[in-house]
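S.K.: Following this message is one structure expressed as structure tokens.
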Amino acid sequence: MTHRLLLDLTLPRTLDRWVSDFSHSKGRIAPVEGWLFEGAPARRAAEQRLAAAGVQATFRSSYKPLLHYFLEEVECAALAAATVTYPVHPDASPRRFLLEAYPLAGLLPGCNLQFEPGNADLHYQLALTLKDGRQVHASVFAPNRIHADPLGETLLSPTGWLKTQTPSGSLARLDAAFETDYEQLFARVLQTVGRHPWPAQEPYFERLDIRVDMPGIEQALAVGHECISTHEALHEDIYFSLLEIFQRRSGRALQDRRLQPGQIVPDVRGSHAAPRLRIGLSRYDATAQDKRVGLNFASTLPFVALDKLGTAPDADRIAAEMRGLGGRRFGARSRQGRPVDGLYQAGPGAAVLISGGQHANETSGVVGALRAAQALQAAERTGGKAHLALIALENPDGYALHRELCLEHPGHMHHAARYSALGDDIEYREQPPLYEREARDQALALSGAQLHINLHGYPAHEWTRPLSGYLPRGFEQWTVPKGFFLILRHHPGWAARGRALLEQVSAALGQVDGLADYNARQMALYECHAGELPFDVLNGTACLQSESTRPGAPLTLITEFPDETVQGEHFRFAHTVQMSAVLAAVRAWQDMAGSAA
């Protein structure tokens, strides 16, 4: 419950404003072209209202304009070939506008599609060949503005735009950027938070709530889990922009994951009314949050076995599965007072630490870790060598927030739930109180594990920050899916063992039913829009290896499944792959330990 309101603001809806302004322009201005951040149904309705008033108008999307052009103005099934020349602007990355066209290559499977780099002119140039032989040439405007963000960085970002002409068409009356309601709301969030007199020391608050209700785009696409969502994009832009503002305020470097501002919670919802923004401060209330979420999720449904779960389990189910595994118990408490459960099972083999849920919106690893531990214990009862420490859910506060946000948008990434209630990444926490991080330290001390298998995920569909240069700053290589892949971090002197582990695990993953084809499809689409994969590919799995001196086990194997937002059979596939990776890594580690003995 909000205990201090910082802002409550309602703005005029840009689309309604344009209809009102131009409804009285019959015979004096024609035609009208506008670009803004609204969906096709709302834009078509506004065009019809103006047509009834005698005004010709065309309203297009500022967000992903080329993709919308193909979705709304091209008969894609009739295309035989298409050449797209995309802008290359000095204030953006060279492939920025090619990425903004994603996932067009996946939407035109029967078309010979070619992308070619162009110049700084903000138009896509199209040469289309239809199956009946006709040739069509078109130019698609990509409205953008050059601006400085709160960090002083120069960015090129999508913006609203308005063009009008006199009836003769001989003189343009207007052809300029137009700050839409979508942009105004974002600017007011940054202004309000940036100018507020925060305390001198971190954390600055317990919970910062940013509630937005506004029209926008929510459109699923017929490519994997892809969708177009201006609401999700605004969530991402608000969350990471505020992190950057607080990083600057604290004197930390950009992307410093030790920052502890408190819990930042953007809640962006669709509405047909005038856009409304509320910003407030509230206290933690874990009991009320857990009750609210528990009443709306699957805890009330019949029991489903772990391997059949089509959605992330609740915290009670995770705790029950941990109890069922037995072993020596250990753990810690989160910042909001939730338990971080761990168990240690001694055994004759080389020890491993298995963890999931460090980033709490990456949920398949939680189930994968539990399933792997069960399989290892079963193998141990028949002569195996299970020796493990397990923390299935490292970040229960973030997990609770993720479930809260999913009540409204289960298909969104919700990166606000990625980090802890303090706002930091628990792996990077260095100063007491350690809270959740204490459980990992106990696990390593109890087990002596030299291998940490850390199960992660990443977005199952495109990740953007449209009002901050489009690409997610600091996470550019994660902007579109590229299949399941592995990251191996090793201490100095452990490179060879790390490489051997990657080779053995990737070879075993090649035997997981459906995974090779899944990876190949995603990597092919990635390369069409993002360019060459920035990783090695071993046995059909992308792999990245690097040296690290961070505290922890000498070897850390990080799994990355594009699981954010997936449900049903896709979620079952995700946690099956996660489990398979753990079992393969444990087998390889035992073999390596045995050969070294």
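Ordering of the structure tokens sets the chain letters (A, B, ...), residue numbers begin anew at 1 in every chain, and ligands are numbered from 1 in the order given.
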So that I can check the surroundings of A:Leu155, please list as a list in words every protein, DNA and RNA residue that reaches within 7 Å of it, counting only C-alpha atoms and ignoring chain neighbours fewer than 3 positions away.

M.R.: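 Once the nearby chain positions are removed, what remains is Asp91, Ile146, His147, Ala148, Ser468 and Gly469 of chain A.
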
S.K.: Store the residues of this selection in a file with all heavy atoms, as a PDB file, in the first residue's frame.

M.R.:
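Result file result_38.pdb:
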```pdb
ATOM      1  N   ASP A  91      24.510   8.076 -34.923  1.00  0.00           N
ATOM      2  CA  ASP A  91      24.168   8.133 -33.500  1.00  0.00           C
ATOM      3  C   ASP A  91      23.492   6.851 -33.011  1.00  0.00           C
ATOM      4  O   ASP A  91      22.835   6.853 -31.959  1.00  0.00           O
ATOM      5  CB  ASP A  91      23.259   9.334 -33.232  1.00  0.00           C
ATOM      6  CG  ASP A  91      24.005  10.649 -33.380  1.00  0.00           C
ATOM      7  OD1 ASP A  91      25.042  10.819 -32.715  1.00  0.00           O
ATOM      8  OD2 ASP A  91      23.570  11.488 -34.189  1.00  0.00           O
ATOM      9  N   ILE A 146      17.151  12.801 -32.040  1.00  0.00           N
ATOM     10  CA  ILE A 146      18.444  12.801 -31.352  1.00  0.00           C
ATOM     11  C   ILE A 146      18.264  13.580 -30.056  1.00  0.00           C
ATOM     12  O   ILE A 146      17.749  14.695 -30.054  1.00  0.00           O
ATOM     13  CB  ILE A 146      19.534  13.434 -32.227  1.00  0.00           C
ATOM     14  CG1 ILE A 146      19.730  12.622 -33.511  1.00  0.00           C
ATOM     15  CG2 ILE A 146      20.846  13.532 -31.454  1.00  0.00           C
ATOM     16  CD1 ILE A 146      20.676  13.265 -34.509  1.00  0.00           C
ATOM     17  N   HIS A 147      18.661  12.993 -28.960  1.00  0.00           N
ATOM     18  CA  HIS A 147      18.465  13.649 -27.668  1.00  0.00           C
ATOM     19  C   HIS A 147      19.521  13.172 -26.683  1.00  0.00           C
ATOM     20  O   HIS A 147      20.205  12.161 -26.908  1.00  0.00           O
ATOM     21  CB  HIS A 147      17.071  13.343 -27.113  1.00  0.00           C
ATOM     22  CG  HIS A 147      16.839  11.879 -26.812  1.00  0.00           C
ATOM     23  ND1 HIS A 147      16.783  11.374 -25.536  1.00  0.00           N
ATOM     24  CD2 HIS A 147      16.649  10.805 -27.633  1.00  0.00           C
ATOM     25  CE1 HIS A 147      16.577  10.069 -25.574  1.00  0.00           C
ATOM     26  NE2 HIS A 147      16.489   9.699 -26.838  1.00  0.00           N
ATOM     27  N   ALA A 148      19.658  13.901 -25.582  1.00  0.00           N
ATOM     28  CA  ALA A 148      20.547  13.506 -24.495  1.00  0.00           C
ATOM     29  C   ALA A 148      19.712  12.907 -23.376  1.00  0.00           C
ATOM     30  O   ALA A 148      18.665  13.445 -23.000  1.00  0.00           O
ATOM     31  CB  ALA A 148      21.333  14.702 -23.990  1.00  0.00           C
ATOM     32  N   SER A 468      15.136   4.946 -25.062  1.00  0.00           N
ATOM     33  CA  SER A 468      16.529   5.131 -24.653  1.00  0.00           C
ATOM     34  C   SER A 468      17.483   4.560 -25.689  1.00  0.00           C
ATOM     35  O   SER A 468      18.455   3.876 -25.367  1.00  0.00           O
ATOM     36  CB  SER A 468      16.773   4.465 -23.292  1.00  0.00           C
ATOM     37  OG  SER A 468      15.911   4.977 -22.303  1.00  0.00           O
ATOM     38  N   GLY A 469      17.176   4.806 -26.964  1.00  0.00           N
ATOM     39  CA  GLY A 469      18.048   4.324 -28.034  1.00  0.00           C
ATOM     40  C   GLY A 469      17.653   2.990 -28.613  1.00  0.00           C
ATOM     41  O   GLY A 469      18.354   2.447 -29.461  1.00  0.00           O
TER      42      GLY A 469
END
```

S.K.: List every residue of stretch 26-163 of chain A that DSSP, applied to the backbone of this structure, places in strand (DSSP E or B), and write the result as a ChimeraX atom specification.

M.R.: /A:32-36,57-61,79-86,112-117,123-130,135-141,144-148,154-158,160-163

S.K.: Using only C-alpha atoms, what does the table of stretch 306-399 of chain A residues within 10 Å of stretch 282-292 of chain A look like, with each row giving the shortest atom pair and its distance in Å to one decimal, sorted by chain and ascending number, as a tab-separated table?

M.R.:
```
residue	atom	partner	partner_atom	distance
A:Asp314	CA	A:Asp290	CA	9.5
A:Ala315	CA	A:Asp290	CA	9.0
A:Arg335	CA	A:Tyr284	CA	9.5
A:Gln336	CA	A:Ala286	CA	6.3
A:Gly337	CA	A:Ala286	CA	7.7
A:Arg338	CA	A:Ala286	CA	7.9
A:Asp397	CA	A:Ala286	CA	8.1
```

S.K.: Between A:Ser271, A:Ser548, A:Ser241, A:Ser61, which residue has the minimum interatomic distance to A:Val189, considering only C-alpha atoms?

M.R.: A:Ser241

S.K.: Considering only C-alpha atoms, state which residue in the set A:His387, A:His575, A:His490, A:Arg550 is at the smallest distance from A:His456.

M.R.: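 Comparing A:His387, A:His575, A:His490, A:Arg550 against A:His456, the winner is A:His575.
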
S.K.: Have a look at A:Trp463, A:Trp161, A:Trp589, A:Tyr399 and name the one nearest to A:Ala142; count only C-alpha atoms.

M.R.: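 So, comparing all the options, the nearest one is A:Trp161.
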